[in-house]
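Peer 1: Got a structure for you, written out below as structure tokens; questions coming shortly.
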Amino acid sequence: MEDKAHIPLPSPALTLLSLLEGAGFEAWCVGGFVRDALIGRKAGDIDIASSAPWDKAQALFEAQGLKTFETGVKHGTLTVLVGSDALEVTTFRTDGTYTDGRRPDSVTFVESIEEDLARRDFTMNAIAYHPERGLFDPQGGQRDIEARVIRAVGEARTRFAEDALRILRGVRFASQLGFSLEEATRKAMVEQRGLLEIVAAERVSHELGALICGAFVRDTLLAHTDIIGQVLPELLPMKGFDQKTPYHVFDVLEHTACCMENTRPCALVRWAALFHDSGKPAAFFTDDAGVGHFYGHAKISVTIAQTAMRRLRLPRALVSDVLLLVEHHDDILAATPKSVKRMLRKLGGRPEMFFALTELKRGDAAAQAPHCRHRVGLAHELDAVLEAVLEAGEVFSLHDLAIDGKDLKALGIPPGPLYKELLEGALESVLSGQVPNEKPSLIASIQGRLEP
């Protein structure tokens, strides 16, 4: 049964649909674009499913001057460039067995869109749309979207056995959309979560990256720790860990989830927020009054984060920056130029890293006990001080010093490790206000240090 709902389609999609159907084939828009349009969410790439064999589709498109790429022809998928837009066109198919739990060993091309939709992961992703015929929704995806439910197509265990990443994908959708997992679907996810062990780290990290940046990350982390913990076991010691401190009202995991929710959806900040207190369970002890303390937890958190992020094969630059934020997330900063410039120096002189640190501190403060949440205001003050420092062109890195290695060489100092030591000392003198950032003053200061 077709539904005459109207979804505006971009002209590249209309062009391909028209060409395919003009040649006697059946074609539909499918997948995430249709789902997001029904949700009212900004839609992404458009995929088209068609009865046309890929080689006949390719000949048809190229006859019209369109460039094509054989990106997945083994599975019936062709990428077509329409202007600057790349669209995937796939032949109606059903999938064979999944030996590797990732891709079907073989596919069978079929005649109907209904058979094609039956192989998909979740009902909300198994809806087809055509501008004249409307919606085709044999799996009840529109009903589940209205109910804000994520439900597997057909038998859930079969869907997850085919491709285990679907388990994490479903949780990722929950974080992005705020939908709940249908009971049988969630049960199958929990029971089969061990299958995630065979999924490539890059695929897992891609899903996790989208999950942690979801608008509903807090509820998702807390509701589905048992599933996410399969690929992020670092979360498990945090769950239910009572901090026993007046500064916190949540256990470590809920504090972490709340911190993440209160930061902008930026990969750098969200990864740092995820790991910032991961070392607390290992660092925990109580004093004679039964109050909990976590001395040195930032250092332990760095080690935990490094292990996890390397296992997930995240980009080295991202890992390095996340570790730097985790290391300094608990540092005490005063809203003064001197304090801000010192931290800038620790962060490699990069203002964007300082703003990421204050964002993390804002989220951290918002997730603490009510009487501690005034610290959110301190993070705002730190941002304002940094902006003033930048506007004034003040010194906070070796690059900004009025002297460099050439000046040291002119003093007759032989090149070597001493250069860095002297320049670092000069920068420290400027930051502390002992010496102005002027070449004569800095040279005199260095000569004074070198005198016997």
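Identifiers for the structure tokens are assigned positionally: chains receive A, B, ... in sequence, residues are indexed from 1 per chain, and ligands are indexed from 1 in the order shown.
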Give me the residues near Val231 (chain A) as a list in words, where near means some atom within 10 Å (using only C-alpha atoms) and where sequence neighbours in that chain fewer than 6 positions away do not count.
Peer 2: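 My reading of the contact set: Leu168, Arg193, Gly194, Leu196, Glu197, Val199, Ala201, Val204, Ser205, Leu208, Ala308, Arg311 and Leu312 of chain A.
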Peer 1: How about saving the chosen residues, C-alpha atoms kept, as a short mmCIF file (atom, residue, chain, number, x, y, z; two decimals), in the first residue's frame?
Peer 2:
data_model
loop_
_atom_site.label_atom_id
_atom_site.label_comp_id
_atom_site.auth_asym_id
_atom_site.auth_seq_id
_atom_site.Cartn_x
_atom_site.Cartn_y
_atom_site.Cartn_z
CA LEU A 168 26.07 -0.52 17.61
CA ARG A 193 26.82 -8.09 21.53
CA GLY A 194 29.80 -10.44 21.58
CA LEU A 196 30.99 -6.95 17.81
CA GLU A 197 34.41 -8.44 18.55
CA VAL A 199 33.91 -6.03 13.52
CA ALA A 201 37.98 -1.25 14.73
CA VAL A 204 33.31 0.55 15.43
CA SER A 205 35.05 3.89 15.99
CA LEU A 208 31.05 5.49 18.38
CA ALA A 308 40.98 2.71 24.35
CA ARG A 311 42.48 0.10 20.20
CA LEU A 312 39.79 1.91 18.22
#
Peer 1: Could you make a table, as a tab-separated table, of the residues of region 278-374 of chain A that have an atom within 7 Å of an atom of region 263-270 of chain A, each with its nearest atom pair and distance in Å to one decimal, counting only C-alpha atoms, in chain and number order?
Peer 2:
residue	atom	partner	partner_atom	distance
A:Leu318	CA	A:Leu268	CA	6.6
A:Val322	CA	A:Leu268	CA	6.0
A:Ala356	CA	A:Val269	CA	6.1
A:Glu359	CA	A:Thr263	CA	6.2
A:Leu360	CA	A:Val269	CA	6.2
A:Gly363	CA	A:Thr263	CA	5.2
Peer 1: Restricting it to C-alpha atoms, dump the selection as an mmCIF file, in the first residue's frame.
Peer 2:
data_model
loop_
_atom_site.group_PDB
_atom_site.id
_atom_site.type_symbol
_atom_site.label_atom_id
_atom_site.label_comp_id
_atom_site.auth_asym_id
_atom_site.auth_seq_id
_atom_site.Cartn_x
_atom_site.Cartn_y
_atom_site.Cartn_z
ATOM 1 C CA LEU A 318 42.768 13.454 17.711
ATOM 2 C CA VAL A 322 42.087 14.323 23.686
ATOM 3 C CA ALA A 356 38.043 23.095 24.050
ATOM 4 C CA GLU A 359 34.129 23.700 27.113
ATOM 5 C CA LEU A 360 35.099 20.495 28.914
ATOM 6 C CA GLY A 363 30.363 20.377 31.025
#
Peer 1: Report, in Å to a single decimal, how far apart CA of Ile39 (chain A) and CA of Glu207 (chain A) are.
Peer 2: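 Computed distance, CA of Glu207 (chain A) to CA of Ile39 (chain A), equals 20.4 Å.
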Peer 1: Which residue is closest to Tyr247 (chain A)? Choose from A:Pro131, A:Pro370, A:Gly290, A:Pro351 and count only C-alpha atoms.
Peer 2: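 Between A:Pro131, A:Pro370, A:Gly290, A:Pro351, the residue approaching Tyr247 (chain A) most closely is A:Pro370.
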Peer 1: Counting only C-alpha atoms, which residue out of A:Gly170, A:Gly349, A:Gly433, A:Gly44 sits closest to Ser397 (chain A)?
Peer 2: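 Of A:Gly170, A:Gly349, A:Gly433, A:Gly44, the one nearest Ser397 (chain A), counting only C-alpha atoms, is A:Gly349.
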Peer 1: Name the closest residue to Val171 (chain A) among the candidates A:Val149, A:Leu195, A:Leu211, A:Val110; distances are taken between atoms, counting only C-alpha atoms.
Peer 2: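 Going through A:Val149, A:Leu195, A:Leu211, A:Val110 one by one, the smallest distance to Val171 (chain A) is for A:Leu211.
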Peer 1: What's the 12 Å shell around Phe250 (chain A), counting only C-alpha atoms, without same-chain residues fewer than 6 positions away, as a ChimeraX atom specification?
Peer 2: /A:222,238-244,256-259,364,366-370
Peer 1: Put those residues in a file: all heavy atoms, as a short mmCIF file (atom, residue, chain, number, x, y, z; two decimals), in the first residue's frame.
Peer 2:
data_model
loop_
_atom_site.label_atom_id
_atom_site.label_comp_id
_atom_site.auth_asym_id
_atom_site.auth_seq_id
_atom_site.Cartn_x
_atom_site.Cartn_y
_atom_site.Cartn_z
N LEU A 222 23.56 5.69 29.52
CA LEU A 222 23.06 5.10 30.76
C LEU A 222 22.13 3.92 30.50
O LEU A 222 22.14 2.94 31.24
CB LEU A 222 22.35 6.18 31.59
CG LEU A 222 23.24 7.34 32.04
CD1 LEU A 222 22.43 8.38 32.81
CD2 LEU A 222 24.41 6.85 32.88
N MET A 238 32.93 2.42 35.72
CA MET A 238 32.37 3.71 36.10
C MET A 238 30.90 3.59 36.51
O MET A 238 30.38 4.41 37.26
CB MET A 238 32.50 4.69 34.92
CG MET A 238 33.95 4.93 34.49
SD MET A 238 34.13 5.54 32.80
CE MET A 238 33.31 7.11 32.91
N LYS A 239 30.21 2.57 35.99
CA LYS A 239 28.78 2.43 36.24
C LYS A 239 28.51 2.07 37.70
O LYS A 239 29.06 1.10 38.23
CB LYS A 239 28.19 1.36 35.32
CG LYS A 239 26.68 1.23 35.47
CD LYS A 239 26.09 0.26 34.47
CE LYS A 239 24.58 0.18 34.61
NZ LYS A 239 23.97 -0.72 33.61
N GLY A 240 27.69 2.87 38.35
CA GLY A 240 27.32 2.60 39.74
C GLY A 240 28.41 2.92 40.74
O GLY A 240 28.26 2.62 41.93
N PHE A 241 29.51 3.56 40.31
CA PHE A 241 30.62 3.84 41.24
C PHE A 241 30.30 5.11 42.03
O PHE A 241 30.39 6.22 41.52
CB PHE A 241 31.94 3.99 40.49
CG PHE A 241 33.15 3.88 41.39
CD1 PHE A 241 33.84 2.69 41.51
CD2 PHE A 241 33.57 4.97 42.14
CE1 PHE A 241 34.92 2.58 42.35
CE2 PHE A 241 34.65 4.88 43.00
CZ PHE A 241 35.33 3.68 43.10
N ASP A 242 29.95 4.93 43.29
CA ASP A 242 29.59 6.03 44.19
C ASP A 242 30.84 6.85 44.52
O ASP A 242 31.82 6.31 45.06
CB ASP A 242 28.97 5.47 45.46
CG ASP A 242 28.42 6.56 46.38
OD1 ASP A 242 28.67 7.75 46.12
OD2 ASP A 242 27.74 6.20 47.36
N GLN A 243 30.79 8.15 44.23
CA GLN A 243 31.97 8.98 44.44
C GLN A 243 32.15 9.41 45.90
O GLN A 243 33.23 9.86 46.28
CB GLN A 243 31.89 10.22 43.53
CG GLN A 243 31.78 9.84 42.05
CD GLN A 243 32.03 11.00 41.13
OE1 GLN A 243 33.12 11.55 41.09
NE2 GLN A 243 31.01 11.39 40.38
N LYS A 244 31.11 9.31 46.68
CA LYS A 244 31.18 9.60 48.11
C LYS A 244 31.84 10.96 48.40
O LYS A 244 32.74 11.09 49.23
CB LYS A 244 31.94 8.49 48.86
CG LYS A 244 31.25 7.12 48.78
CD LYS A 244 31.99 6.10 49.62
CE LYS A 244 31.37 4.71 49.46
NZ LYS A 244 29.95 4.64 49.86
N THR A 256 29.74 11.43 33.95
CA THR A 256 30.37 11.48 32.63
C THR A 256 29.34 11.75 31.55
O THR A 256 29.54 12.60 30.67
CB THR A 256 31.09 10.15 32.35
OG1 THR A 256 32.16 9.98 33.29
CG2 THR A 256 31.64 10.10 30.93
N ALA A 257 28.23 11.02 31.60
CA ALA A 257 27.18 11.19 30.59
C ALA A 257 26.58 12.59 30.63
O ALA A 257 26.31 13.20 29.60
CB ALA A 257 26.09 10.14 30.80
N CYS A 258 26.40 13.12 31.84
CA CYS A 258 25.86 14.47 32.01
C CYS A 258 26.85 15.51 31.50
O CYS A 258 26.48 16.49 30.87
CB CYS A 258 25.52 14.71 33.48
SG CYS A 258 24.73 16.30 33.81
N CYS A 259 28.13 15.28 31.78
CA CYS A 259 29.17 16.18 31.28
C CYS A 259 29.15 16.23 29.76
O CYS A 259 29.21 17.30 29.16
CB CYS A 259 30.54 15.70 31.79
SG CYS A 259 31.95 16.62 31.11
N ASP A 364 31.84 19.64 32.79
CA ASP A 364 32.21 19.00 34.05
C ASP A 364 31.49 19.67 35.22
O ASP A 364 30.91 19.02 36.10
CB ASP A 364 33.73 19.08 34.22
CG ASP A 364 34.27 18.11 35.27
OD1 ASP A 364 33.49 17.27 35.77
OD2 ASP A 364 35.47 18.19 35.58
N ALA A 366 28.76 21.52 35.12
CA ALA A 366 27.31 21.36 35.01
C ALA A 366 26.84 20.00 35.49
O ALA A 366 25.66 19.81 35.82
CB ALA A 366 26.86 21.58 33.57
N ALA A 367 27.78 19.02 35.56
CA ALA A 367 27.44 17.66 35.95
C ALA A 367 27.78 17.38 37.42
O ALA A 367 27.69 16.24 37.86
CB ALA A 367 28.17 16.67 35.05
N GLN A 368 28.16 18.41 38.16
CA GLN A 368 28.51 18.24 39.57
C GLN A 368 27.32 18.58 40.47
O GLN A 368 26.21 18.80 40.00
CB GLN A 368 29.73 19.10 39.90
CG GLN A 368 30.99 18.65 39.17
CD GLN A 368 32.18 19.57 39.42
OE1 GLN A 368 32.07 20.57 40.12
NE2 GLN A 368 33.31 19.22 38.84
N ALA A 369 27.56 18.59 41.76
CA ALA A 369 26.50 18.93 42.71
C ALA A 369 26.05 20.37 42.46
O ALA A 369 26.84 21.21 42.01
CB ALA A 369 27.03 18.78 44.14
N PRO A 370 24.78 20.70 42.77
CA PRO A 370 24.26 22.03 42.48
C PRO A 370 25.12 23.17 43.01
O PRO A 370 25.28 24.20 42.34
CB PRO A 370 22.87 22.01 43.15
CG PRO A 370 22.46 20.58 43.08
CD PRO A 370 23.73 19.80 43.30
#
Peer 1: Taking the backbone alone, and naming residues the way the document does, which bits of region 198-362 of chain A are strand (DSSP E) by DSSP, as a list of chain:residue names?
Peer 2: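 Residues of region 198-362 of chain A classed as strand (DSSP E): A:Phe285, A:Thr286, A:Gly292, A:His293.
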Peer 1: What is the CA of Thr307 (chain A) to CA of Glu202 (chain A) distance in Å?
Peer 2: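 Rounded to one decimal, the two atoms are 15.2 Å apart.
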Peer 1: When you look at region 122-128 of chain A with a cut-off of 7 Å (counting only C-alpha atoms), what residues show up, excluding the ones that are within fewer than 6 positions of it in the same chain? I need them as a PyMOL selection string.
Peer 2: chain A and resi 28-32+34-35+135-137+139-142+144-145+150-153
Peer 1: Suppose we keep all heavy atoms; can you now write the selection as a short mmCIF file (atom, residue, chain, number, x, y, z; two decimals), in the first residue's frame?
Peer 2:
data_model
loop_
_atom_site.label_atom_id
_atom_site.label_comp_id
_atom_site.auth_asym_id
_atom_site.auth_seq_id
_atom_site.Cartn_x
_atom_site.Cartn_y
_atom_site.Cartn_z
N TRP A 28 13.21 3.87 -6.80
CA TRP A 28 12.73 4.51 -5.57
C TRP A 28 13.90 5.16 -4.82
O TRP A 28 15.03 4.66 -4.90
CB TRP A 28 12.11 3.49 -4.62
CG TRP A 28 10.91 2.76 -5.12
CD1 TRP A 28 10.90 1.70 -5.99
CD2 TRP A 28 9.55 3.02 -4.78
NE1 TRP A 28 9.62 1.28 -6.21
CE2 TRP A 28 8.76 2.06 -5.46
CE3 TRP A 28 8.92 3.94 -3.94
CZ2 TRP A 28 7.38 2.01 -5.35
CZ3 TRP A 28 7.53 3.90 -3.82
CH2 TRP A 28 6.77 2.94 -4.52
N CYS A 29 13.62 6.22 -4.08
CA CYS A 29 14.57 6.73 -3.10
C CYS A 29 14.40 5.89 -1.83
O CYS A 29 13.26 5.59 -1.43
CB CYS A 29 14.30 8.20 -2.78
SG CYS A 29 14.76 9.31 -4.11
N VAL A 30 15.52 5.53 -1.20
CA VAL A 30 15.46 4.65 -0.04
C VAL A 30 16.43 5.13 1.04
O VAL A 30 17.27 6.00 0.81
CB VAL A 30 15.82 3.19 -0.43
CG1 VAL A 30 14.78 2.61 -1.37
CG2 VAL A 30 17.20 3.13 -1.09
N GLY A 31 16.30 4.50 2.23
CA GLY A 31 17.31 4.68 3.28
C GLY A 31 17.18 5.92 4.12
O GLY A 31 16.10 6.44 4.37
N GLY A 32 18.35 6.42 4.54
CA GLY A 32 18.42 7.50 5.52
C GLY A 32 17.77 8.79 5.09
O GLY A 32 17.22 9.53 5.93
N VAL A 34 15.07 9.21 3.29
CA VAL A 34 13.62 9.10 3.50
C VAL A 34 13.31 9.15 4.99
O VAL A 34 12.40 9.85 5.43
CB VAL A 34 13.09 7.79 2.87
CG1 VAL A 34 11.59 7.67 3.12
CG2 VAL A 34 13.39 7.76 1.38
N ARG A 35 14.07 8.39 5.78
CA ARG A 35 13.87 8.39 7.23
C ARG A 35 13.97 9.80 7.81
O ARG A 35 13.10 10.25 8.55
CB ARG A 35 14.93 7.49 7.89
CG ARG A 35 14.89 7.46 9.40
CD ARG A 35 16.22 6.97 9.97
NE ARG A 35 17.31 7.88 9.71
CZ ARG A 35 18.50 7.53 9.21
NH1 ARG A 35 18.75 6.27 8.92
NH2 ARG A 35 19.44 8.44 9.01
N LEU A 135 5.01 7.02 -0.47
CA LEU A 135 5.78 6.11 0.38
C LEU A 135 5.37 4.66 0.15
O LEU A 135 4.19 4.36 -0.03
CB LEU A 135 5.55 6.45 1.85
CG LEU A 135 6.10 7.78 2.38
CD1 LEU A 135 5.64 7.98 3.82
CD2 LEU A 135 7.62 7.82 2.30
N PHE A 136 6.36 3.78 0.21
CA PHE A 136 6.09 2.35 0.22
C PHE A 136 6.76 1.82 1.48
O PHE A 136 7.98 1.86 1.62
CB PHE A 136 6.65 1.67 -1.03
CG PHE A 136 6.35 0.20 -1.09
CD1 PHE A 136 5.04 -0.25 -1.10
CD2 PHE A 136 7.38 -0.73 -1.12
CE1 PHE A 136 4.75 -1.61 -1.14
CE2 PHE A 136 7.10 -2.08 -1.16
CZ PHE A 136 5.77 -2.53 -1.18
N ASP A 137 5.94 1.32 2.41
CA ASP A 137 6.42 1.02 3.76
C ASP A 137 5.89 -0.33 4.25
O ASP A 137 5.10 -0.40 5.19
CB ASP A 137 5.98 2.16 4.69
CG ASP A 137 6.44 1.99 6.12
OD1 ASP A 137 7.40 1.22 6.35
OD2 ASP A 137 5.84 2.62 7.01
N GLN A 139 7.31 -2.60 6.02
CA GLN A 139 7.80 -3.01 7.33
C GLN A 139 7.25 -2.17 8.49
O GLN A 139 7.58 -2.41 9.65
CB GLN A 139 9.33 -2.94 7.36
CG GLN A 139 10.01 -3.81 6.30
CD GLN A 139 9.78 -5.29 6.52
OE1 GLN A 139 9.58 -5.73 7.65
NE2 GLN A 139 9.83 -6.07 5.44
N GLY A 140 6.42 -1.19 8.17
CA GLY A 140 5.84 -0.36 9.24
C GLY A 140 6.81 0.64 9.82
O GLY A 140 6.70 1.03 10.98
N GLY A 141 7.75 1.09 9.02
CA GLY A 141 8.75 2.03 9.51
C GLY A 141 8.19 3.38 9.90
O GLY A 141 8.62 3.99 10.88
N GLN A 142 7.20 3.86 9.13
CA GLN A 142 6.61 5.16 9.45
C GLN A 142 5.91 5.11 10.81
O GLN A 142 6.02 6.06 11.61
CB GLN A 142 5.62 5.56 8.36
CG GLN A 142 5.12 6.99 8.47
CD GLN A 142 4.27 7.41 7.29
OE1 GLN A 142 3.77 6.56 6.54
NE2 GLN A 142 4.08 8.70 7.11
N ASP A 144 6.77 3.21 13.31
CA ASP A 144 7.81 3.19 14.35
C ASP A 144 8.47 4.55 14.52
O ASP A 144 8.84 4.93 15.63
CB ASP A 144 8.85 2.12 14.01
CG ASP A 144 8.33 0.71 14.28
OD1 ASP A 144 7.39 0.57 15.09
OD2 ASP A 144 8.87 -0.24 13.69
N ILE A 145 8.60 5.29 13.42
CA ILE A 145 9.14 6.65 13.53
C ILE A 145 8.21 7.51 14.38
O ILE A 145 8.65 8.26 15.25
CB ILE A 145 9.34 7.26 12.13
CG1 ILE A 145 10.56 6.62 11.44
CG2 ILE A 145 9.51 8.78 12.22
CD1 ILE A 145 10.75 7.06 10.00
N ILE A 150 13.05 2.11 17.61
CA ILE A 150 13.99 1.47 16.69
C ILE A 150 13.71 -0.03 16.75
O ILE A 150 13.92 -0.68 17.78
CB ILE A 150 15.45 1.77 17.10
CG1 ILE A 150 15.71 3.28 17.03
CG2 ILE A 150 16.43 1.01 16.20
CD1 ILE A 150 17.02 3.70 17.66
N ARG A 151 13.26 -0.59 15.62
CA ARG A 151 12.86 -1.99 15.57
C ARG A 151 13.58 -2.67 14.40
O ARG A 151 13.63 -2.14 13.29
CB ARG A 151 11.35 -2.09 15.36
CG ARG A 151 10.78 -3.51 15.37
CD ARG A 151 9.34 -3.52 14.86
NE ARG A 151 8.52 -2.53 15.54
CZ ARG A 151 7.85 -2.76 16.67
NH1 ARG A 151 7.89 -3.97 17.22
NH2 ARG A 151 7.12 -1.81 17.23
N ALA A 152 14.13 -3.83 14.64
CA ALA A 152 14.80 -4.58 13.57
C ALA A 152 13.78 -5.05 12.54
O ALA A 152 12.63 -5.35 12.88
CB ALA A 152 15.55 -5.78 14.15
N VAL A 153 14.22 -5.11 11.30
CA VAL A 153 13.38 -5.67 10.25
C VAL A 153 13.37 -7.19 10.41
O VAL A 153 14.41 -7.83 10.51
CB VAL A 153 13.93 -5.30 8.86
CG1 VAL A 153 13.20 -6.08 7.77
CG2 VAL A 153 13.81 -3.80 8.61
#
Peer 1: Do a neighbour search on region 297-305 of chain A at 10 Å with only C-alpha atoms, toss out local chain neighbours closer than 5 positions, and write the hits as a ChimeraX atom specification.
Peer 2: /A:234,271-272,274-284,310-311,319,322-331
Peer 1: For the selection just defined, write its residues with C-alpha atoms to a file, as a PDB file, in the first residue's frame.
Peer 2:
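Final file, selection_20.pdb:
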ATOM      1  CA  GLU A 234      36.383   1.278  30.053  1.00  0.00           C
ATOM      2  CA  TRP A 271      35.871  12.060  23.526  1.00  0.00           C
ATOM      3  CA  ALA A 272      37.684  14.018  26.242  1.00  0.00           C
ATOM      4  CA  LEU A 274      33.943  10.500  27.899  1.00  0.00           C
ATOM      5  CA  PHE A 275      37.336   9.662  29.375  1.00  0.00           C
ATOM      6  CA  HIS A 276      38.054  12.606  31.696  1.00  0.00           C
ATOM      7  CA  ASP A 277      37.064  10.754  34.893  1.00  0.00           C
ATOM      8  CA  SER A 278      37.614   7.174  33.722  1.00  0.00           C
ATOM      9  CA  GLY A 279      40.536   6.879  36.148  1.00  0.00           C
ATOM     10  CA  LYS A 280      38.454   7.686  39.220  1.00  0.00           C
ATOM     11  CA  PRO A 281      37.559   4.093  40.188  1.00  0.00           C
ATOM     12  CA  ALA A 282      41.265   3.142  40.176  1.00  0.00           C
ATOM     13  CA  ALA A 283      42.317   6.264  42.110  1.00  0.00           C
ATOM     14  CA  PHE A 284      39.522   6.160  44.686  1.00  0.00           C
ATOM     15  CA  ARG A 310      44.512   3.301  20.136  1.00  0.00           C
ATOM     16  CA  ARG A 311      42.482   0.096  20.201  1.00  0.00           C
ATOM     17  CA  VAL A 319      44.145  11.018  20.297  1.00  0.00           C
ATOM     18  CA  VAL A 322      42.087  14.323  23.686  1.00  0.00           C
ATOM     19  CA  LEU A 323      44.840  13.107  26.020  1.00  0.00           C
ATOM     20  CA  LEU A 324      46.037  16.679  26.522  1.00  0.00           C
ATOM     21  CA  LEU A 325      42.542  17.817  27.537  1.00  0.00           C
ATOM     22  CA  VAL A 326      42.069  14.845  29.856  1.00  0.00           C
ATOM     23  CA  GLU A 327      45.436  15.542  31.474  1.00  0.00           C
ATOM     24  CA  HIS A 328      44.549  19.159  32.259  1.00  0.00           C
ATOM     25  CA  HIS A 329      40.773  18.947  32.773  1.00  0.00           C
ATOM     26  CA  ASP A 330      41.097  19.239  36.553  1.00  0.00           C
ATOM     27  CA  ASP A 331      43.815  21.919  36.609  1.00  0.00           C
TER      28      ASP A 331
END
Peer 1: For Glu391 (chain A), which residue out of A:Tyr295, A:Pro337, A:Gln434, A:Met353 is the nearest one, using only C-alpha atoms?
Peer 2: A:Pro337
